Each structure stands twice: as structure tokens, then as C-alpha cells.
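See below for input.tsv, which holds TSV, N, CA, C and O atoms.
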```tsv
chain	number	residue	atom	x	y	z
A	6	MET	N	250.29	-9.58	44.41
A	6	MET	CA	251.71	-9.31	44.54
A	6	MET	C	252.48	-10.22	43.59
A	6	MET	O	252.21	-11.41	43.48
A	7	LEU	N	253.40	-9.60	42.88
A	7	LEU	CA	254.17	-10.37	41.91
A	7	LEU	C	255.25	-11.19	42.62
A	7	LEU	O	255.92	-10.71	43.53
A	8	THR	N	255.42	-12.38	42.16
A	8	THR	CA	256.48	-13.22	42.70
A	8	THR	C	257.72	-13.07	41.84
A	8	THR	O	257.69	-12.49	40.75
A	9	PHE	N	258.80	-13.62	42.33
A	9	PHE	CA	260.07	-13.53	41.60
A	9	PHE	C	259.97	-14.19	40.23
A	9	PHE	O	260.47	-13.67	39.24
A	10	SER	N	259.29	-15.32	40.15
A	10	SER	CA	259.17	-16.02	38.87
A	10	SER	C	258.36	-15.20	37.85
A	10	SER	O	258.67	-15.20	36.66
A	11	ALA	N	257.36	-14.48	38.32
A	11	ALA	CA	256.57	-13.63	37.42
A	11	ALA	C	257.42	-12.46	36.92
A	11	ALA	O	257.35	-12.10	35.74
A	12	LEU	N	258.22	-11.87	37.80
A	12	LEU	CA	259.10	-10.79	37.38
A	12	LEU	C	260.15	-11.29	36.39
A	12	LEU	O	260.48	-10.60	35.42
A	13	LEU	N	260.67	-12.48	36.64
A	13	LEU	CA	261.65	-13.06	35.73
A	13	LEU	C	261.04	-13.33	34.36
A	13	LEU	O	261.66	-13.09	33.33
A	14	GLN	N	259.81	-13.81	34.35
A	14	GLN	CA	259.12	-14.06	33.09
A	14	GLN	C	258.89	-12.75	32.33
A	14	GLN	O	259.07	-12.69	31.12
A	15	ASP	N	258.49	-11.71	33.04
A	15	ASP	CA	258.29	-10.41	32.40
A	15	ASP	C	259.60	-9.87	31.82
A	15	ASP	O	259.63	-9.33	30.72
A	16	ALA	N	260.67	-10.02	32.56
A	16	ALA	CA	261.98	-9.55	32.09
A	16	ALA	C	262.43	-10.34	30.86
A	16	ALA	O	262.98	-9.77	29.91
A	17	THR	N	262.17	-11.64	30.87
A	17	THR	CA	262.52	-12.47	29.71
A	17	THR	C	261.71	-12.07	28.49
A	17	THR	O	262.25	-11.98	27.38
A	18	SER	N	260.44	-11.81	28.68
A	18	SER	CA	259.59	-11.38	27.56
A	18	SER	C	260.06	-10.04	27.01
A	18	SER	O	260.13	-9.85	25.79
A	19	LEU	N	260.40	-9.11	27.87
A	19	LEU	CA	260.90	-7.81	27.44
A	19	LEU	C	262.20	-7.95	26.67
A	19	LEU	O	262.40	-7.30	25.64
A	20	ALA	N	263.09	-8.82	27.14
A	20	ALA	CA	264.36	-9.04	26.45
A	20	ALA	C	264.12	-9.64	25.06
A	20	ALA	O	264.78	-9.26	24.09
A	21	ALA	N	263.18	-10.55	24.95
A	21	ALA	CA	262.88	-11.17	23.66
A	21	ALA	C	262.30	-10.15	22.68
A	21	ALA	O	262.68	-10.12	21.50
A	22	VAL	N	261.40	-9.32	23.15
A	22	VAL	CA	260.81	-8.29	22.28
A	22	VAL	C	261.88	-7.29	21.86
A	22	VAL	O	261.94	-6.89	20.69
A	23	SER	N	262.74	-6.90	22.77
A	23	SER	CA	263.81	-5.95	22.45
A	23	SER	C	264.77	-6.54	21.42
A	23	SER	O	265.19	-5.86	20.48
A	24	ALA	N	265.14	-7.80	21.60
A	24	ALA	CA	266.05	-8.45	20.65
A	24	ALA	C	265.41	-8.56	19.27
A	24	ALA	O	266.08	-8.35	18.25
A	25	THR	N	264.13	-8.86	19.23
A	25	THR	CA	263.44	-8.95	17.94
A	25	THR	C	263.37	-7.60	17.25
A	25	THR	O	263.60	-7.50	16.04
A	26	ALA	N	263.10	-6.55	18.01
A	26	ALA	CA	263.04	-5.20	17.43
A	26	ALA	C	264.41	-4.78	16.92
A	26	ALA	O	264.53	-4.19	15.83
A	27	TYR	N	265.47	-5.07	17.67
A	27	TYR	CA	266.83	-4.71	17.25
A	27	TYR	C	267.22	-5.47	15.99
A	27	TYR	O	267.83	-4.91	15.08
A	28	THR	N	266.84	-6.74	15.92
A	28	THR	CA	267.13	-7.54	14.72
A	28	THR	C	266.39	-6.97	13.51
A	28	THR	O	266.95	-6.90	12.41
A	29	GLY	N	265.16	-6.54	13.69
A	29	GLY	CA	264.41	-5.91	12.60
A	29	GLY	C	265.06	-4.62	12.15
A	29	GLY	O	265.14	-4.33	10.95
A	30	LEU	N	265.54	-3.84	13.10
A	30	LEU	CA	266.24	-2.59	12.76
A	30	LEU	C	267.50	-2.88	11.97
A	30	LEU	O	267.77	-2.22	10.96
A	31	LEU	N	268.28	-3.87	12.39
A	31	LEU	CA	269.50	-4.22	11.67
A	31	LEU	C	269.19	-4.70	10.26
A	31	LEU	O	269.90	-4.35	9.31
A	32	ALA	N	268.14	-5.49	10.12
A	32	ALA	CA	267.77	-5.99	8.79
A	32	ALA	C	267.35	-4.83	7.89
A	32	ALA	O	267.70	-4.80	6.70
A	33	THR	N	266.63	-3.86	8.43
A	33	THR	CA	266.20	-2.70	7.65
A	33	THR	C	267.39	-1.87	7.19
A	33	THR	O	267.47	-1.47	6.02
A	34	VAL	N	268.32	-1.63	8.09
A	34	VAL	CA	269.50	-0.84	7.73
A	34	VAL	C	270.38	-1.61	6.74
A	34	VAL	O	270.92	-1.02	5.80
A	35	ALA	N	270.51	-2.91	6.93
A	35	ALA	CA	271.29	-3.71	5.99
A	35	ALA	C	270.66	-3.69	4.61
A	35	ALA	O	271.37	-3.58	3.59
A	36	LEU	N	269.35	-3.77	4.54
A	36	LEU	CA	268.66	-3.69	3.25
A	36	LEU	C	268.87	-2.32	2.62
A	36	LEU	O	269.12	-2.22	1.41
A	37	ALA	N	268.82	-1.27	3.41
A	37	ALA	CA	269.05	0.08	2.89
A	37	ALA	C	270.47	0.24	2.38
A	37	ALA	O	270.71	0.95	1.40
A	38	SER	N	271.43	-0.43	3.01
A	38	SER	CA	272.82	-0.30	2.57
A	38	SER	C	273.04	-0.98	1.22
A	38	SER	O	274.00	-0.66	0.53
A	39	VAL	N	272.16	-1.89	0.86
A	39	VAL	CA	272.28	-2.56	-0.44
A	39	VAL	C	271.39	-1.92	-1.49
A	39	VAL	O	271.78	-1.77	-2.65
A	40	MET	N	270.19	-1.48	-1.09
A	40	MET	CA	269.19	-1.04	-2.06
A	40	MET	C	269.09	0.48	-2.23
A	40	MET	O	268.27	0.94	-3.02
A	41	ALA	N	269.88	1.25	-1.51
A	41	ALA	CA	269.77	2.71	-1.60
A	41	ALA	C	270.08	3.17	-3.03
A	41	ALA	O	270.94	2.60	-3.71
A	42	PRO	N	269.40	4.23	-3.49
A	42	PRO	CA	269.53	4.64	-4.89
A	42	PRO	C	270.86	5.32	-5.23
A	42	PRO	O	271.29	5.27	-6.38
A	43	THR	N	271.51	5.93	-4.28
A	43	THR	CA	272.74	6.64	-4.59
A	43	THR	C	273.90	6.09	-3.75
A	43	THR	O	273.70	5.57	-2.65
A	44	PRO	N	275.11	6.22	-4.25
A	44	PRO	CA	276.26	5.74	-3.49
A	44	PRO	C	276.40	6.43	-2.12
A	44	PRO	O	276.82	5.79	-1.15
A	45	GLU	N	276.02	7.69	-2.04
A	45	GLU	CA	276.11	8.40	-0.75
A	45	GLU	C	275.17	7.79	0.28
A	45	GLU	O	275.54	7.60	1.44
A	46	HIS	N	273.95	7.47	-0.16
A	46	HIS	CA	272.98	6.85	0.76
A	46	HIS	C	273.45	5.46	1.19
A	46	HIS	O	273.29	5.07	2.35
A	47	ARG	N	274.02	4.69	0.24
A	47	ARG	CA	274.52	3.37	0.58
A	47	ARG	C	275.67	3.47	1.58
A	47	ARG	O	275.75	2.71	2.53
A	48	ARG	N	276.55	4.44	1.38
A	48	ARG	CA	277.68	4.63	2.29
A	48	ARG	C	277.19	5.01	3.68
A	48	ARG	O	277.67	4.48	4.69
A	49	ASP	N	276.22	5.92	3.73
A	49	ASP	CA	275.66	6.32	5.02
A	49	ASP	C	275.00	5.14	5.74
A	49	ASP	O	275.16	4.98	6.95
A	50	ALA	N	274.28	4.32	4.99
A	50	ALA	CA	273.62	3.16	5.59
A	50	ALA	C	274.65	2.16	6.09
A	50	ALA	O	274.48	1.56	7.16
A	51	ARG	N	275.74	1.97	5.34
A	51	ARG	CA	276.79	1.06	5.80
A	51	ARG	C	277.47	1.59	7.07
A	51	ARG	O	277.79	0.83	7.98
A	52	ASP	N	277.68	2.90	7.13
A	52	ASP	CA	278.27	3.49	8.33
A	52	ASP	C	277.34	3.30	9.53
A	52	ASP	O	277.80	2.97	10.63
A	53	THR	N	276.05	3.50	9.33
A	53	THR	CA	275.08	3.30	10.41
A	53	THR	C	275.07	1.85	10.85
A	53	THR	O	275.04	1.54	12.05
A	54	LEU	N	275.12	0.93	9.90
A	54	LEU	CA	275.14	-0.49	10.23
A	54	LEU	C	276.39	-0.83	11.02
A	54	LEU	O	276.33	-1.60	11.99
A	55	ALA	N	277.52	-0.27	10.65
A	55	ALA	CA	278.76	-0.52	11.40
A	55	ALA	C	278.64	-0.02	12.84
A	55	ALA	O	279.11	-0.68	13.77
A	56	ILE	N	278.00	1.12	13.03
A	56	ILE	CA	277.80	1.64	14.38
A	56	ILE	C	276.88	0.72	15.17
A	56	ILE	O	277.15	0.38	16.32
A	57	LEU	N	275.79	0.28	14.56
A	57	LEU	CA	274.84	-0.59	15.25
A	57	LEU	C	275.45	-1.95	15.58
A	57	LEU	O	275.13	-2.54	16.60
A	58	MET	N	276.32	-2.44	14.71
A	58	MET	CA	276.95	-3.73	14.94
A	58	MET	C	278.21	-3.62	15.79
A	58	MET	O	278.83	-4.62	16.13
A	59	ARG	N	278.61	-2.39	16.11
A	59	ARG	CA	279.80	-2.12	16.92
A	59	ARG	C	281.04	-2.77	16.31
A	59	ARG	O	281.81	-3.45	16.98
A	60	ARG	N	281.16	-2.58	15.01
A	60	ARG	CA	282.32	-3.12	14.30
A	60	ARG	C	283.27	-2.01	13.95
A	60	ARG	O	282.86	-0.87	13.75
A	61	ARG	N	284.52	-2.37	13.78
A	61	ARG	CA	285.48	-1.41	13.27
A	61	ARG	C	285.35	-1.36	11.76
A	61	ARG	O	285.08	-2.38	11.12
A	62	PRO	N	285.60	-0.19	11.15
A	62	PRO	CA	285.56	-0.13	9.69
A	62	PRO	C	286.72	-0.94	9.10
A	62	PRO	O	287.80	-1.00	9.68
A	63	SER	N	286.48	-1.58	7.97
A	63	SER	CA	287.54	-2.36	7.32
A	63	SER	C	288.55	-1.42	6.70
A	63	SER	O	288.24	-0.30	6.29
A	64	ARG	N	289.77	-1.87	6.63
A	64	ARG	CA	290.85	-1.04	6.10
A	64	ARG	C	291.13	-1.33	4.67
A	64	ARG	O	291.04	-2.19	4.04
```
Just give me the structure as C-alpha cells.
Amino acid sequence: MLTFSALLQDATSLAAVSATAYTGLLATVALASVMAPTPEHRRDARDTLAILMRRRPSR
């Protein structure tokens, strides 16, 4: 039977893995927004990054 501390440890591990995966996704999209071959692809990648970062577009 799992104890509360074991469940807490599992939840912490899951949160750490999720945060690492999300950071990797952000880094990949950020790299695509800089290295994409066409302006349209770069614009699309920047828009996706803005959505993932929950930022408002700059004016």
C-alpha cells in the first residue's frame, strides 16, 4: 500500500518530468522561430511560441 509520502514523491517526479518536457518544447519552437527557412515559417513559429508562453503579441 502506498503511503502519502510515496504518492507525493511520485507527483513531484511527474511534475519535474512534465516541466522538463515543456521546457524542451519551448526551446524547440524558439529555435524554429529563429532558424526557419522562410519568413512565413518564422512568423508561424513565433505565433506558436507566443501561445505557449501565454504572452500578448507586441504592438
| message | Can you measure atom CA of A:Leu30 to atom CA of A:Ile56 for me? One decimal in Å is fine. | response |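 So the answer is 12.4 Å.
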| request: List the neighbours of stretch 36-38 of chain A out to 8 Å using only N, CA, C and O atoms; skip same-chain residues closer than 2 positions along the sequence, and give me the result as a list in words. | output: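 Non-adjacent residues within range: Gly29, Leu30, Leu31, Ala32, Thr33, Val34, Met40, Ala41, Pro42, Thr43, Pro44, His46, Arg47, Arg48, Asp49, Ala50, Arg51, Asp52 and Leu54 of chain A.
In this structure, atom CA of A:Thr53 sits 14.1 Å away from atom CA of A:Thr28.
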| query | Which value, in Å to one decimal, gives the distance between atom CA of A:Ser18 and atom CA of A:Met58? | reply |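 Calculated distance between atom CA of A:Ser18 and atom CA of A:Met58 is 22.8 Å.
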| field | Backbone-only DSSP, alpha helix (DSSP H) members of chain A, as an NGL selection string | value | :A and (9-40 or 44-58)
Just stretch 10-45 of chain A, please, as a PDB file, in the first residue's frame (only C-alpha atoms).
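Output (selection29.pdb):
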```pdb
ATOM      1  CA  SER A  10       4.955  10.348   1.124  1.00  0.00           C
ATOM      2  CA  ALA A  11       5.304   7.858  -1.745  1.00  0.00           C
ATOM      3  CA  LEU A  12       2.388   9.460  -3.593  1.00  0.00           C
ATOM      4  CA  LEU A  13       3.895  12.899  -3.015  1.00  0.00           C
ATOM      5  CA  GLN A  14       7.238  11.713  -4.368  1.00  0.00           C
ATOM      6  CA  ASP A  15       5.559  10.267  -7.465  1.00  0.00           C
ATOM      7  CA  ALA A  16       3.666  13.513  -8.044  1.00  0.00           C
ATOM      8  CA  THR A  17       6.868  15.517  -7.664  1.00  0.00           C
ATOM      9  CA  SER A  18       8.670  13.292 -10.149  1.00  0.00           C
ATOM     10  CA  LEU A  19       5.821  13.618 -12.643  1.00  0.00           C
ATOM     11  CA  ALA A  20       5.839  17.404 -12.267  1.00  0.00           C
ATOM     12  CA  ALA A  21       9.595  17.517 -12.868  1.00  0.00           C
ATOM     13  CA  VAL A  22       9.363  15.360 -15.994  1.00  0.00           C
ATOM     14  CA  SER A  23       6.468  17.445 -17.311  1.00  0.00           C
ATOM     15  CA  ALA A  24       8.342  20.705 -16.705  1.00  0.00           C
ATOM     16  CA  THR A  25      11.426  19.346 -18.456  1.00  0.00           C
ATOM     17  CA  ALA A  26       9.387  18.212 -21.463  1.00  0.00           C
ATOM     18  CA  TYR A  27       7.617  21.589 -21.688  1.00  0.00           C
ATOM     19  CA  THR A  28      10.957  23.412 -21.499  1.00  0.00           C
ATOM     20  CA  GLY A  29      12.289  21.229 -24.320  1.00  0.00           C
ATOM     21  CA  LEU A  30       9.221  22.002 -26.404  1.00  0.00           C
ATOM     22  CA  LEU A  31       9.652  25.741 -25.829  1.00  0.00           C
ATOM     23  CA  ALA A  32      13.327  25.554 -26.765  1.00  0.00           C
ATOM     24  CA  THR A  33      12.477  23.677 -29.976  1.00  0.00           C
ATOM     25  CA  VAL A  34       9.823  26.185 -31.005  1.00  0.00           C
ATOM     26  CA  ALA A  35      12.096  29.110 -30.120  1.00  0.00           C
ATOM     27  CA  LEU A  36      14.854  27.616 -32.257  1.00  0.00           C
ATOM     28  CA  ALA A  37      12.390  27.135 -35.127  1.00  0.00           C
ATOM     29  CA  SER A  38      11.301  30.767 -34.842  1.00  0.00           C
ATOM     30  CA  VAL A  39      14.899  31.835 -35.442  1.00  0.00           C
ATOM     31  CA  MET A  40      16.145  29.180 -37.867  1.00  0.00           C
ATOM     32  CA  ALA A  41      13.112  28.614 -40.121  1.00  0.00           C
ATOM     33  CA  PRO A  42      13.954  28.993 -43.822  1.00  0.00           C
ATOM     34  CA  THR A  43      11.109  31.309 -44.797  1.00  0.00           C
ATOM     35  CA  PRO A  44       9.586  34.379 -43.158  1.00  0.00           C
ATOM     36  CA  GLU A  45       6.181  32.672 -43.070  1.00  0.00           C
TER      37      GLU A  45
END
```
